[in-house]
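Structure, as structure tokens:
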Amino acid sequence: MDDNAPANGFSANSVLVRVSESDDTPHPGLPIAFSVDNGAVLLTTDAVTNHYGVAEVNVVSSRVGRCTVTVVDGEGKRRSTAVNFTERRSGLILALR
């Protein structure tokens with residue numbers, strides 16, 4: 001998971017979800033739906049787990065603070081995690097003379 005992206009509307013936090021059987025065997029091909037709160041935007045709302053049982057979503061925001069990403073798998077199991085967006089930092093230097 002990537003966290004603490006700048007709240008500039010285009011830098012993304014990424015969230016990974018891994019789905020496995022009770023014996024830790026990956027569960028590929030499972031549809032996953034994502035949702036988010038606090039004004040953040042998902043770059044995609046749906047994914048399918050790969051052969052490792054992993055699906056990924058990227059989240060952007062123009063609002064500083066925390067948002068919750070909720071994941072629902074094809075069997076209706078729901079989990080949530082939080083990601084943070086930080087104050088924008090441009091790296092530009094403005095000098096008046």
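Just remember, in the structure tokens the first chain shown is A, the second B, etc., residues are 1-based per chain, and ligands are 1-based in the order shown.
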
Need the shell around Asp37 (chain A): protein/DNA/RNA residues with any atom at most 10 Å away, counting only C-alpha atoms. Skip same-chain ones fewer than 6 positions apart. Format as an mmCIF file with C-alpha atoms, in the first residue's frame?
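So result.cif came out as:
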data_model
loop_
_atom_site.group_PDB
_atom_site.id
_atom_site.type_symbol
_atom_site.label_atom_id
_atom_site.label_comp_id
_atom_site.auth_asym_id
_atom_site.auth_seq_id
_atom_site.Cartn_x
_atom_site.Cartn_y
_atom_site.Cartn_z
ATOM 1 C CA ARG A 66 -7.768 10.667 5.724
ATOM 2 C CA CYS A 67 -10.191 8.711 3.585
ATOM 3 C CA THR A 68 -11.500 5.190 3.931
ATOM 4 C CA VAL A 69 -11.235 2.696 1.085
ATOM 5 C CA THR A 70 -13.781 -0.118 1.334
ATOM 6 C CA ALA A 82 -7.546 4.241 5.625
#

- Query: Please, which residues of chain A, numbered as in this document, come out strand (DSSP E) from DSSP, as an MDAnalysis selection string?
  - Reply: chainID A and resid 5:6 13:18 31:36 41:42 46:48 54:60 65:73 78:86

- Task: Select, from A:Ser14, A:Asn8, A:Ser22, A:Asn84, the residue with the minimum atom-to-atom distance to Gly65 (chain A), counting only C-alpha atoms.
- Result: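 Between A:Ser14, A:Asn8, A:Ser22, A:Asn84, the residue approaching Gly65 (chain A) most closely is A:Asn84.
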
- Item | All residues 6 Å or closer to region 46-52 of chain A, only C-alpha atoms, same chain fewer than 5 positions away omitted, as a list of chain:residue names |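 Returned residues: A:Pro26, A:Pro28, A:Gly29, A:Leu30, A:Pro31, A:Ile32, A:Ala33.
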
- Message: I'd like the interatomic distance between CA of Arg78 (chain A) and CA of Ser35 (chain A), to a tenth of an Å.
- Response: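 These atoms are spaced 10.7 Å apart.
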